[in-house]
$ cat upload_5.txt   # compact mmCIF, C-alpha atoms and all ligand atoms
# COMPACT_ATOMS: atom_id res chain seq x y z
CA MET A 1 43.66 -10.27 -26.34
CA GLY A 2 42.84 -8.37 -23.20
CA THR A 3 39.47 -9.69 -22.26
CA ARG A 4 40.44 -13.33 -22.27
CA LEU A 5 43.24 -12.67 -19.86
CA ARG A 6 40.75 -11.73 -17.17
CA ALA A 7 42.03 -10.16 -14.02
CA LEU A 8 45.27 -11.97 -13.83
CA PHE A 9 47.44 -8.98 -14.44
CA VAL A 10 45.59 -6.42 -12.43
CA LEU A 11 48.04 -6.57 -9.67
CA THR A 12 51.29 -8.15 -9.61
CA ALA A 13 54.23 -9.58 -8.18
CA VAL A 14 54.94 -12.11 -5.74
CA ALA A 15 53.69 -13.69 -2.65
CA LEU A 16 55.36 -15.77 -0.05
CA THR A 17 52.53 -15.59 2.38
CA THR A 18 48.99 -14.65 1.60
CA GLY A 19 46.85 -12.11 3.27
CA VAL A 20 48.69 -11.92 6.56
CA PRO A 21 50.48 -8.70 7.34
CA ALA A 22 54.06 -9.34 8.10
CA ALA A 23 55.10 -8.75 11.67
CA ARG A 24 58.09 -6.49 11.81
CA ALA A 25 61.17 -8.16 13.10
CA GLY A 26 62.38 -6.50 16.25
CA GLY A 27 59.01 -5.12 17.18
CA ASP A 28 55.53 -6.21 18.03
CA SER A 29 53.65 -4.00 15.65
CA GLU A 30 52.23 -5.18 12.41
CA TRP A 31 52.70 -3.52 9.12
CA ASN A 32 50.19 -3.56 6.36
CA VAL A 33 51.48 -2.99 2.86
CA CYS A 34 48.93 -0.25 2.40
CA ASP A 35 49.98 1.64 5.48
CA ASP A 36 53.08 3.38 4.40
CA GLU A 37 53.08 6.07 7.04
CA THR A 38 52.95 3.56 9.85
CA PHE A 39 55.86 1.76 8.32
CA LEU A 40 57.89 4.91 7.99
CA SER A 41 57.27 5.95 11.57
CA ASN A 42 58.17 2.48 12.80
CA LEU A 43 61.27 2.55 10.70
CA ALA A 44 62.35 5.82 12.19
CA ALA A 45 61.58 4.65 15.71
CA SER A 46 63.26 1.29 15.66
CA GLY A 47 66.21 1.53 13.34
CA VAL A 48 66.15 -2.24 12.86
CA ALA A 49 64.65 -2.49 9.42
CA GLU A 50 68.01 -2.31 7.72
CA THR A 51 68.96 -5.69 9.07
CA ALA A 52 65.61 -7.35 8.78
CA ARG A 53 64.39 -6.89 5.28
CA GLY A 54 63.54 -10.09 3.51
CA GLU A 55 64.37 -12.23 6.49
CA GLY A 56 62.90 -13.57 9.66
CA ASN A 57 59.29 -12.57 9.83
CA PHE A 58 59.61 -10.56 6.67
CA PRO A 59 58.77 -12.22 3.41
CA ARG A 60 61.21 -11.36 0.70
CA GLU A 61 58.49 -9.83 -1.35
CA PRO A 62 55.08 -8.35 -0.68
CA ASP A 63 51.80 -10.07 -1.27
CA LEU A 64 50.13 -7.93 -3.88
CA ASN A 65 47.29 -10.36 -4.47
CA MET A 66 48.91 -11.34 -7.67
CA THR A 67 47.37 -14.02 -9.75
CA TYR A 68 49.02 -15.57 -12.71
CA GLU A 69 47.74 -17.80 -15.43
CA GLU A 70 48.59 -19.33 -18.71
CA LEU A 71 48.16 -17.26 -21.83
CA PRO A 72 45.33 -18.14 -24.19
CA ALA A 73 46.18 -21.24 -26.17
CA SER A 74 46.70 -19.20 -29.33
CA ALA A 75 49.54 -17.32 -27.67
CA VAL A 76 51.25 -20.29 -26.06
CA GLY A 77 54.29 -21.49 -27.93
CA GLN A 78 54.70 -18.37 -30.02
CA GLY A 79 57.84 -17.62 -28.08
CA LYS A 80 59.47 -20.77 -29.41
CA GLN A 81 59.74 -18.96 -32.71
CA TRP A 82 62.03 -16.24 -31.43
CA ASP A 83 65.02 -16.20 -33.68
CA SER A 84 67.23 -13.54 -32.23
CA VAL A 85 68.14 -12.27 -28.83
CA VAL A 86 65.85 -9.57 -27.50
CA VAL A 87 67.76 -6.60 -26.12
CA VAL A 88 65.82 -4.84 -23.37
CA PRO A 89 66.59 -1.16 -22.76
CA VAL A 90 66.99 -0.39 -19.05
CA TRP A 91 66.44 2.89 -17.25
CA PHE A 92 68.12 2.70 -13.87
CA HIS A 93 66.65 5.03 -11.26
CA VAL A 94 68.82 5.59 -8.21
CA VAL A 95 66.78 6.92 -5.31
CA HIS A 96 68.69 7.76 -2.16
CA ASP A 97 68.34 9.40 1.22
CA ASN A 98 70.96 12.14 1.38
CA GLY A 99 73.52 9.80 -0.12
CA ILE A 100 72.43 6.58 1.55
CA GLY A 101 71.82 4.19 -1.32
CA ASN A 102 73.46 6.43 -3.89
CA VAL A 103 75.12 3.55 -5.71
CA SER A 104 77.85 4.31 -8.21
CA ASP A 105 77.75 4.06 -11.98
CA ALA A 106 80.16 1.15 -11.65
CA ASP A 107 77.72 -0.63 -9.31
CA ILE A 108 74.94 -0.07 -11.83
CA ASN A 109 76.96 -1.36 -14.77
CA ARG A 110 77.92 -4.40 -12.73
CA GLN A 111 74.25 -5.03 -11.92
CA ILE A 112 73.31 -4.90 -15.59
CA ARG A 113 76.16 -7.29 -16.36
CA ILE A 114 74.90 -9.73 -13.71
CA MET A 115 71.44 -9.63 -15.24
CA ASN A 116 72.97 -10.37 -18.64
CA LEU A 117 74.96 -13.27 -17.22
CA GLY A 118 71.86 -14.66 -15.51
CA TYR A 119 69.74 -14.46 -18.66
CA SER A 120 72.42 -15.85 -20.96
CA GLY A 121 72.92 -19.08 -19.02
CA PHE A 122 76.36 -18.11 -17.80
CA TYR A 123 75.76 -19.56 -14.33
CA GLY A 124 73.91 -22.59 -15.67
CA GLY A 125 70.59 -23.50 -17.19
CA TYR A 126 69.26 -22.27 -20.50
CA ASP A 127 70.02 -19.09 -22.41
CA GLN A 128 66.83 -17.07 -22.01
CA GLY A 129 67.36 -15.08 -25.19
CA PHE A 130 67.16 -11.74 -23.42
CA ARG A 131 69.90 -9.21 -22.82
CA PHE A 132 69.85 -5.84 -21.06
CA GLU A 133 71.26 -2.56 -22.22
CA LEU A 134 71.56 0.41 -19.90
CA VAL A 135 70.16 3.45 -21.68
CA GLY A 136 69.94 5.94 -18.84
CA ILE A 137 70.45 6.66 -15.16
CA THR A 138 68.47 9.04 -13.00
CA ARG A 139 69.45 10.08 -9.50
CA THR A 140 67.00 11.46 -6.97
CA ASN A 141 67.44 12.42 -3.33
CA ASN A 142 64.05 11.63 -1.81
CA ALA A 143 63.66 9.86 1.52
CA GLU A 144 59.94 9.17 1.09
CA TRP A 145 60.55 7.35 -2.17
CA PHE A 146 63.66 5.64 -0.81
CA TYR A 147 61.76 3.99 2.05
CA ALA A 148 58.45 3.51 0.22
CA GLY A 149 56.75 0.15 0.24
CA PRO A 150 54.55 -1.38 -2.45
CA THR A 151 51.25 0.30 -3.30
CA SER A 152 52.24 3.34 -1.27
CA SER A 153 51.83 6.94 -2.30
CA GLY A 154 55.62 7.13 -2.34
CA GLU A 155 55.84 4.37 -4.92
CA ARG A 156 53.26 6.07 -7.09
CA ALA A 157 54.87 9.48 -6.87
CA MET A 158 58.30 8.05 -7.61
CA LYS A 159 57.10 6.20 -10.68
CA HIS A 160 54.98 9.06 -11.95
CA ALA A 161 58.08 11.20 -11.87
CA LEU A 162 60.72 8.79 -13.10
CA HIS A 163 59.19 6.13 -15.33
CA ARG A 164 60.56 6.16 -18.87
CA GLY A 165 59.71 4.40 -22.09
CA ASP A 166 57.02 1.88 -22.95
CA MET A 167 56.21 -1.67 -21.83
CA GLY A 168 59.32 -2.89 -23.61
CA THR A 169 61.51 -0.70 -21.43
CA LEU A 170 62.70 -2.03 -18.10
CA ASN A 171 62.51 0.57 -15.35
CA TYR A 172 64.69 -0.42 -12.40
CA TYR A 173 64.13 1.56 -9.17
CA SER A 174 66.92 1.17 -6.66
CA THR A 175 65.57 1.98 -3.18
CA THR A 176 65.23 0.14 0.13
CA ALA A 177 62.19 -1.61 -1.38
CA GLY A 178 60.49 -0.86 1.93
CA PRO A 179 60.86 -3.92 4.17
CA TYR A 180 61.35 -6.24 1.22
CA LEU A 181 64.11 -7.30 -1.09
CA GLY A 182 62.08 -6.24 -4.06
CA TRP A 183 58.94 -6.45 -6.09
CA ALA A 184 57.90 -6.36 -9.71
CA TYR A 185 54.83 -6.19 -11.85
CA TYR A 186 53.77 -8.86 -14.28
CA PRO A 187 53.14 -7.95 -17.91
CA GLY A 188 49.68 -6.72 -18.75
CA LEU A 189 49.12 -3.65 -16.60
CA ASN A 190 46.33 -1.57 -18.04
CA ASP A 191 46.98 1.88 -19.46
CA ALA A 192 46.16 3.66 -16.22
CA GLN A 193 48.61 1.46 -14.31
CA ALA A 194 51.32 1.27 -16.93
CA TYR A 195 53.50 3.79 -15.13
CA LEU A 196 53.86 1.28 -12.28
CA ASP A 197 55.62 -1.21 -14.53
CA GLY A 198 59.15 -2.15 -13.54
CA LEU A 199 61.25 -3.42 -10.66
CA VAL A 200 61.80 -1.99 -7.23
CA VAL A 201 64.91 -3.58 -5.78
CA ASP A 202 66.68 -3.17 -2.45
CA TRP A 203 69.90 -1.34 -3.22
CA GLU A 204 71.76 -3.46 -0.66
CA SER A 205 71.10 -6.58 -2.76
CA MET A 206 73.46 -5.25 -5.43
CA TYR A 207 76.78 -6.97 -5.75
CA LYS A 208 78.67 -6.42 -2.49
CA VAL A 209 77.70 -2.79 -2.07
CA SER A 210 76.90 -3.45 1.60
CA ASP A 211 77.36 -6.20 4.16
CA THR A 212 73.73 -6.18 5.28
CA TYR A 213 72.94 -9.32 3.29
CA GLU A 214 76.43 -10.76 3.21
CA ASP A 215 76.46 -14.41 2.13
CA ARG A 216 72.70 -14.30 1.62
CA TYR A 217 71.44 -11.76 -0.88
CA ASP A 218 74.48 -9.75 -1.89
CA LEU A 219 75.40 -11.05 -5.35
CA GLY A 220 72.94 -8.98 -7.35
CA PHE A 221 70.56 -11.84 -7.98
CA THR A 222 67.48 -10.26 -6.42
CA ALA A 223 67.20 -8.20 -9.60
CA VAL A 224 67.58 -11.31 -11.74
CA HIS A 225 64.65 -12.79 -9.82
CA GLU A 226 62.52 -9.66 -10.15
CA VAL A 227 63.20 -9.41 -13.87
CA GLY A 228 61.82 -12.94 -14.08
CA HIS A 229 58.51 -11.67 -12.73
CA TRP A 230 58.63 -8.75 -15.14
CA PHE A 231 58.87 -11.33 -17.93
CA ALA A 232 55.87 -13.20 -16.35
CA LEU A 233 57.73 -15.96 -14.57
CA ALA A 234 56.04 -17.11 -11.39
CA HIS A 235 57.86 -18.58 -8.44
CA THR A 236 58.81 -22.21 -8.85
CA PHE A 237 56.79 -22.83 -5.68
CA ASP A 238 53.69 -20.97 -6.86
CA GLY A 239 50.86 -23.40 -7.35
CA GLY A 240 52.50 -25.81 -4.93
CA CYS A 241 52.16 -29.41 -6.02
CA ASN A 242 49.20 -28.67 -8.27
CA ALA A 243 49.32 -29.78 -11.85
CA PHE A 244 49.81 -26.31 -13.30
CA GLY A 245 52.37 -25.19 -10.73
CA ASP A 246 54.22 -22.25 -12.25
CA TYR A 247 52.92 -23.00 -15.77
CA VAL A 248 56.39 -24.15 -16.73
CA ASP A 249 56.73 -27.84 -17.53
CA ASP A 250 60.43 -28.32 -16.91
CA THR A 251 60.55 -26.85 -13.40
CA PRO A 252 59.63 -29.60 -10.94
CA ALA A 253 56.75 -28.69 -8.68
CA MET A 254 57.59 -27.60 -5.17
CA LYS A 255 55.37 -26.84 -2.24
CA VAL A 256 57.35 -24.39 -0.16
CA PRO A 257 60.09 -21.90 -0.94
CA THR A 258 63.68 -22.79 -0.32
CA SER A 259 65.58 -20.89 2.31
CA GLY A 260 69.35 -20.84 2.20
CA CYS A 261 70.82 -23.56 0.01
CA PRO A 262 70.15 -27.14 1.11
CA ALA A 263 73.46 -28.83 0.66
CA ASP A 264 72.52 -32.20 -0.74
CA GLY A 265 70.07 -30.86 -3.29
CA THR A 266 67.47 -33.49 -2.54
CA LYS A 267 64.80 -31.26 -1.04
CA ASP A 268 61.58 -32.72 -2.33
CA THR A 269 58.41 -31.07 -1.10
CA CYS A 270 56.28 -32.60 -3.88
CA PRO A 271 57.45 -36.22 -3.69
CA ARG A 272 54.79 -37.44 -6.09
CA ASP A 273 55.95 -35.03 -8.75
CA PRO A 274 59.10 -36.20 -10.53
CA GLY A 275 62.27 -34.36 -9.70
CA PHE A 276 63.71 -32.66 -6.66
CA ASP A 277 62.73 -29.10 -5.82
CA PRO A 278 64.48 -26.71 -8.25
CA ILE A 279 66.43 -24.99 -5.49
CA HIS A 280 68.95 -23.52 -7.93
CA ASN A 281 66.32 -21.82 -10.04
CA PHE A 282 66.34 -18.02 -9.93
CA MET A 283 62.59 -18.09 -9.32
CA ASP A 284 62.88 -19.93 -6.00
CA TYR A 285 63.75 -18.08 -2.75
CA SER A 286 67.19 -19.58 -2.19
CA TYR A 287 70.23 -17.56 -1.18
CA ASP A 288 72.05 -15.83 -4.02
CA GLN A 289 74.95 -18.27 -3.97
CA CYS A 290 72.46 -21.08 -4.57
CA TYR A 291 70.96 -19.53 -7.71
CA THR A 292 72.33 -20.76 -11.02
CA GLU A 293 69.65 -21.28 -13.59
CA LEU A 294 66.54 -20.62 -15.55
CA THR A 295 65.07 -23.30 -17.82
CA GLN A 296 64.04 -23.63 -21.46
CA GLY A 297 60.41 -23.69 -20.36
CA GLN A 298 60.88 -20.41 -18.53
CA ALA A 299 62.48 -18.88 -21.61
CA GLU A 300 59.51 -19.97 -23.71
CA ARG A 301 57.00 -18.55 -21.25
CA SER A 302 58.91 -15.26 -21.11
CA HIS A 303 59.03 -14.96 -24.89
CA ASP A 304 55.33 -15.79 -25.19
CA TYR A 305 54.53 -12.95 -22.83
CA TRP A 306 57.07 -10.68 -24.45
CA LEU A 307 55.35 -11.06 -27.78
CA ALA A 308 51.91 -10.65 -26.22
CA PHE A 309 52.63 -7.61 -24.04
CA ARG A 310 56.02 -6.02 -24.47
CA ALA A 311 57.30 -6.45 -28.03
CA CA B 401 56.69 -26.37 -13.07
CA CA B 402 59.40 -33.76 -6.56
ZN ZN B 403 59.56 -13.30 -6.44
$ encode --input "upload_5.txt" --output "structure tokens"
Amino acid sequence: MGTRLRALFVLTAVALTTGVPAARAGGDSEWNVCDDETFLSNLAASGVAETARGEGNFPREPDLNMTYEELPASAVGQGKQWDSVVVVPVWFHVVHDNGIGNVSDADINRQIRIMNLGYSGFYGGYDQGFRFELVGITRTNNAEWFYAGPTSSGERAMKHALHRGDMGTLNYYSTTAGPYLGWAYYPGLNDAQAYLDGLVVDWESMYKVSDTYEDRYDLGFTAVHEVGHWFALAHTFDGGCNAFGDYVDDTPAMKVPTSGCPADGTKDTCPRDPGFDPIHNFMDYSYDQCYTELTQGQAERSHDYWLAFRA
């Protein structure tokens, strides 16, 4: 079905802002996602990046010029026919800098468990019909890879070396994720790019392994969010108030990402679209403690794409 899908999957992931390089918190320089060396030198010079990732002037995720669309009509709704839970094998790649970020096996198993809880509806919402099974762990001491940002030579080298399995295998790279909390690639990478498939997730977002993101992003839910992209889920705010929104019917449209967790739950940035903003959805940008759910519509979209690209 490749040709009808056009360019939508050429790049990937997730945009909070578009086209504007993020200014580094704590400094006046600008960092372009393609300029890895500048980032690394700034990181070494300032020492502030550890406290700034994903916050302040940093978007949580890079803008990789991702586009996303609906599948061809013939492929839409096929996922409704899934009749058993899909178990996704996971290769977990620990990349560290002389021990910094060298998370334990227990941390990894807990992270997999959190992903299983998130995708089974344990916290709320709809059982997504996916589960995750850890099949292997790699450990690599490599500072370049550990600090690498998206589209960098470090990312490419890391994935060339470590990527395992096929498109139905989830490769999870635990690094700093550069200045971000994480990024992921949508389904549909071409053969030459297939090695890039997978998640890159900030190791400090794992469940209470660090206090850097305490009370914000420290419950392991960044990976739940990134897995959503890997399944083809867009942000609930992607598309804004437009009719197609995130191509999921049962997530109310929203215009801007949520920050924190608005207490009364009545944030409504698309007042003409029924429903309050889905601030508890894992595909918004809320704090971890605000995340509880994915919807039936998101499960159906994920299974449609699974059948089309990963099964
Ligand atoms: Ca929607
Ligand atoms: Ca609304
Ligand atoms: Zn995202």
$ residues_near_ligand --input "upload_5.txt" --ligand "ligand ZN 403 (chain B)" --cutoff "9 Å" --atoms "only C-alpha atoms and all ligand atoms" --output "mmCIF file with C-alpha atoms, in the frame of the given file"
data_model
loop_
_atom_site.group_PDB
_atom_site.id
_atom_site.type_symbol
_atom_site.label_atom_id
_atom_site.label_comp_id
_atom_site.auth_asym_id
_atom_site.auth_seq_id
_atom_site.Cartn_x
_atom_site.Cartn_y
_atom_site.Cartn_z
ATOM 1 C CA ALA A 13 54.230 -9.580 -8.180
ATOM 2 C CA VAL A 14 54.940 -12.110 -5.740
ATOM 3 C CA ALA A 15 53.690 -13.690 -2.650
ATOM 4 C CA LEU A 16 55.360 -15.770 -0.050
ATOM 5 C CA ARG A 60 61.210 -11.360 0.700
ATOM 6 C CA GLU A 61 58.490 -9.830 -1.350
ATOM 7 C CA PRO A 62 55.080 -8.350 -0.680
ATOM 8 C CA GLY A 182 62.080 -6.240 -4.060
ATOM 9 C CA TRP A 183 58.940 -6.450 -6.090
ATOM 10 C CA ALA A 184 57.900 -6.360 -9.710
ATOM 11 C CA THR A 222 67.480 -10.260 -6.420
ATOM 12 C CA HIS A 225 64.650 -12.790 -9.820
ATOM 13 C CA GLU A 226 62.520 -9.660 -10.150
ATOM 14 C CA GLY A 228 61.820 -12.940 -14.080
ATOM 15 C CA HIS A 229 58.510 -11.670 -12.730
ATOM 16 C CA LEU A 233 57.730 -15.960 -14.570
ATOM 17 C CA ALA A 234 56.040 -17.110 -11.390
ATOM 18 C CA HIS A 235 57.860 -18.580 -8.440
ATOM 19 C CA PHE A 282 66.340 -18.020 -9.930
ATOM 20 C CA MET A 283 62.590 -18.090 -9.320
ATOM 21 C CA ASP A 284 62.880 -19.930 -6.000
ATOM 22 C CA TYR A 285 63.750 -18.080 -2.750
#
$ residues_around --input "upload_5.txt" --residues "range 185-201 of chain A" --least-positions-apart "3" --cutoff "8 Å" --atoms "all atoms listed in the file" --output "ChimeraX atom specification"
/A:9-13,156,159-160,163,167,170-177,181-182,205,222-223,226-227,229-232,305,309-310
$ write_last_selection --input "upload_5.txt" --atoms "C-alpha atoms" --output "PDB file, in the frame of the given file"
ATOM      1  CA  PHE A   9      47.440  -8.980 -14.440  1.00  0.00           C
ATOM      2  CA  VAL A  10      45.590  -6.420 -12.430  1.00  0.00           C
ATOM      3  CA  LEU A  11      48.040  -6.570  -9.670  1.00  0.00           C
ATOM      4  CA  THR A  12      51.290  -8.150  -9.610  1.00  0.00           C
ATOM      5  CA  ALA A  13      54.230  -9.580  -8.180  1.00  0.00           C
ATOM      6  CA  ARG A 156      53.260   6.070  -7.090  1.00  0.00           C
ATOM      7  CA  LYS A 159      57.100   6.200 -10.680  1.00  0.00           C
ATOM      8  CA  HIS A 160      54.980   9.060 -11.950  1.00  0.00           C
ATOM      9  CA  HIS A 163      59.190   6.130 -15.330  1.00  0.00           C
ATOM     10  CA  MET A 167      56.210  -1.670 -21.830  1.00  0.00           C
ATOM     11  CA  LEU A 170      62.700  -2.030 -18.100  1.00  0.00           C
ATOM     12  CA  ASN A 171      62.510   0.570 -15.350  1.00  0.00           C
ATOM     13  CA  TYR A 172      64.690  -0.420 -12.400  1.00  0.00           C
ATOM     14  CA  TYR A 173      64.130   1.560  -9.170  1.00  0.00           C
ATOM     15  CA  SER A 174      66.920   1.170  -6.660  1.00  0.00           C
ATOM     16  CA  THR A 175      65.570   1.980  -3.180  1.00  0.00           C
ATOM     17  CA  THR A 176      65.230   0.140   0.130  1.00  0.00           C
ATOM     18  CA  ALA A 177      62.190  -1.610  -1.380  1.00  0.00           C
ATOM     19  CA  LEU A 181      64.110  -7.300  -1.090  1.00  0.00           C
ATOM     20  CA  GLY A 182      62.080  -6.240  -4.060  1.00  0.00           C
ATOM     21  CA  SER A 205      71.100  -6.580  -2.760  1.00  0.00           C
ATOM     22  CA  THR A 222      67.480 -10.260  -6.420  1.00  0.00           C
ATOM     23  CA  ALA A 223      67.200  -8.200  -9.600  1.00  0.00           C
ATOM     24  CA  GLU A 226      62.520  -9.660 -10.150  1.00  0.00           C
ATOM     25  CA  VAL A 227      63.200  -9.410 -13.870  1.00  0.00           C
ATOM     26  CA  HIS A 229      58.510 -11.670 -12.730  1.00  0.00           C
ATOM     27  CA  TRP A 230      58.630  -8.750 -15.140  1.00  0.00           C
ATOM     28  CA  PHE A 231      58.870 -11.330 -17.930  1.00  0.00           C
ATOM     29  CA  ALA A 232      55.870 -13.200 -16.350  1.00  0.00           C
ATOM     30  CA  TYR A 305      54.530 -12.950 -22.830  1.00  0.00           C
ATOM     31  CA  PHE A 309      52.630  -7.610 -24.040  1.00  0.00           C
ATOM     32  CA  ARG A 310      56.020  -6.020 -24.470  1.00  0.00           C
TER      33      ARG A 310
END
$ residues_near_ligand --input "upload_5.txt" --ligand "ligand CA 402 (chain B)" --cutoff "12 Å" --atoms "only C-alpha atoms and all ligand atoms" --output "number ranges by chain"
A: 236-237, 240-242, 245, 250-256, 265-279
$ residues_around --input "upload_5.txt" --residues "Ala299 in chain A" --least-positions-apart "3" --cutoff "6 Å" --atoms "all atoms listed in the file" --output "PyMOL selection string"
chain A and resi 128+296+302
$ atom_distance --input "upload_5.txt" --atom1 "CA of Lys80 in chain A" --atom2 "CA of Tyr291 in chain A"
24.6 Å
$ atom_distance --input "upload_5.txt" --atom1 "CA of Gly124 in chain A" --atom2 "CA of Gln289 in chain A"
12.5 Å
$ residues_around --input "upload_5.txt" --residues "His280 in chain A" --least-positions-apart "5" --cutoff "7 Å" --atoms "all atoms listed in the file" --output "list in words"
Cys290, Tyr291, Thr292 and Glu293 of chain A
$ closest_residue --input "upload_5.txt" --among "A:Glu214, A:Asp127, A:Asp249, A:Asp288" --to "ligand CA 401 (chain B)" --atoms "only C-alpha atoms and all ligand atoms"
A:Asp249
$ atom_distance --input "upload_5.txt" --atom1 "CA of Phe244 in chain A" --atom2 "CA of Pro72 in chain A"
14.3 Å
$ closest_residue --input "upload_5.txt" --among "A:Val88, A:Leu64, A:Ala73, A:Leu134" --to "Asp304 in chain A" --atoms "all atoms listed in the file"
A:Ala73
$ residues_around --input "upload_5.txt" --residues "Ile137 in chain A" --least-positions-apart "6" --cutoff "6 Å" --atoms "all atoms listed in the file" --output "number ranges by chain"
A: 91-93
$ residues_around --input "upload_5.txt" --residues "Val103 in chain A" --least-positions-apart "3" --cutoff "8 Å" --atoms "all atoms listed in the file" --output "PyMOL selection string"
chain A and resi 94+107-108+203+209
$ build_atoms --input "upload_5.txt" --residues "range 152-166 of chain A" --atoms "N, CA and C atoms" --output "tab-separated table (two decimals), keeping the file's coordinate frame"
chain	number	residue	atom	x	y	z
A	152	SER	N	52.26	2.11	-2.08
A	152	SER	CA	52.24	3.34	-1.27
A	152	SER	C	52.17	4.57	-2.17
A	153	SER	N	51.83	5.68	-1.55
A	153	SER	CA	51.83	6.94	-2.30
A	153	SER	C	53.26	7.27	-2.75
A	154	GLY	N	54.24	6.89	-1.95
A	154	GLY	CA	55.62	7.13	-2.34
A	154	GLY	C	56.00	6.39	-3.60
A	155	GLU	N	55.56	5.13	-3.70
A	155	GLU	CA	55.84	4.37	-4.92
A	155	GLU	C	55.20	5.05	-6.13
A	156	ARG	N	53.97	5.46	-5.95
A	156	ARG	CA	53.26	6.07	-7.09
A	156	ARG	C	53.91	7.38	-7.51
A	157	ALA	N	54.25	8.19	-6.54
A	157	ALA	CA	54.87	9.48	-6.87
A	157	ALA	C	56.22	9.28	-7.56
A	158	MET	N	56.99	8.33	-7.03
A	158	MET	CA	58.30	8.05	-7.61
A	158	MET	C	58.16	7.62	-9.07
A	159	LYS	N	57.23	6.73	-9.32
A	159	LYS	CA	57.10	6.20	-10.68
A	159	LYS	C	56.46	7.21	-11.63
A	160	HIS	N	55.51	7.98	-11.11
A	160	HIS	CA	54.98	9.06	-11.95
A	160	HIS	C	56.10	9.97	-12.43
A	161	ALA	N	57.02	10.25	-11.54
A	161	ALA	CA	58.08	11.20	-11.87
A	161	ALA	C	59.17	10.60	-12.74
A	162	LEU	N	59.49	9.33	-12.51
A	162	LEU	CA	60.72	8.79	-13.10
A	162	LEU	C	60.52	7.80	-14.24
A	163	HIS	N	59.37	7.19	-14.35
A	163	HIS	CA	59.19	6.13	-15.33
A	163	HIS	C	59.47	6.62	-16.75
A	164	ARG	N	60.20	5.81	-17.50
A	164	ARG	CA	60.56	6.16	-18.87
A	164	ARG	C	60.18	5.03	-19.82
A	165	GLY	N	59.88	5.39	-21.04
A	165	GLY	CA	59.71	4.40	-22.09
A	165	GLY	C	58.36	3.71	-22.05
A	166	ASP	N	58.27	2.62	-22.81
A	166	ASP	CA	57.02	1.88	-22.95
A	166	ASP	C	57.14	0.53	-22.24
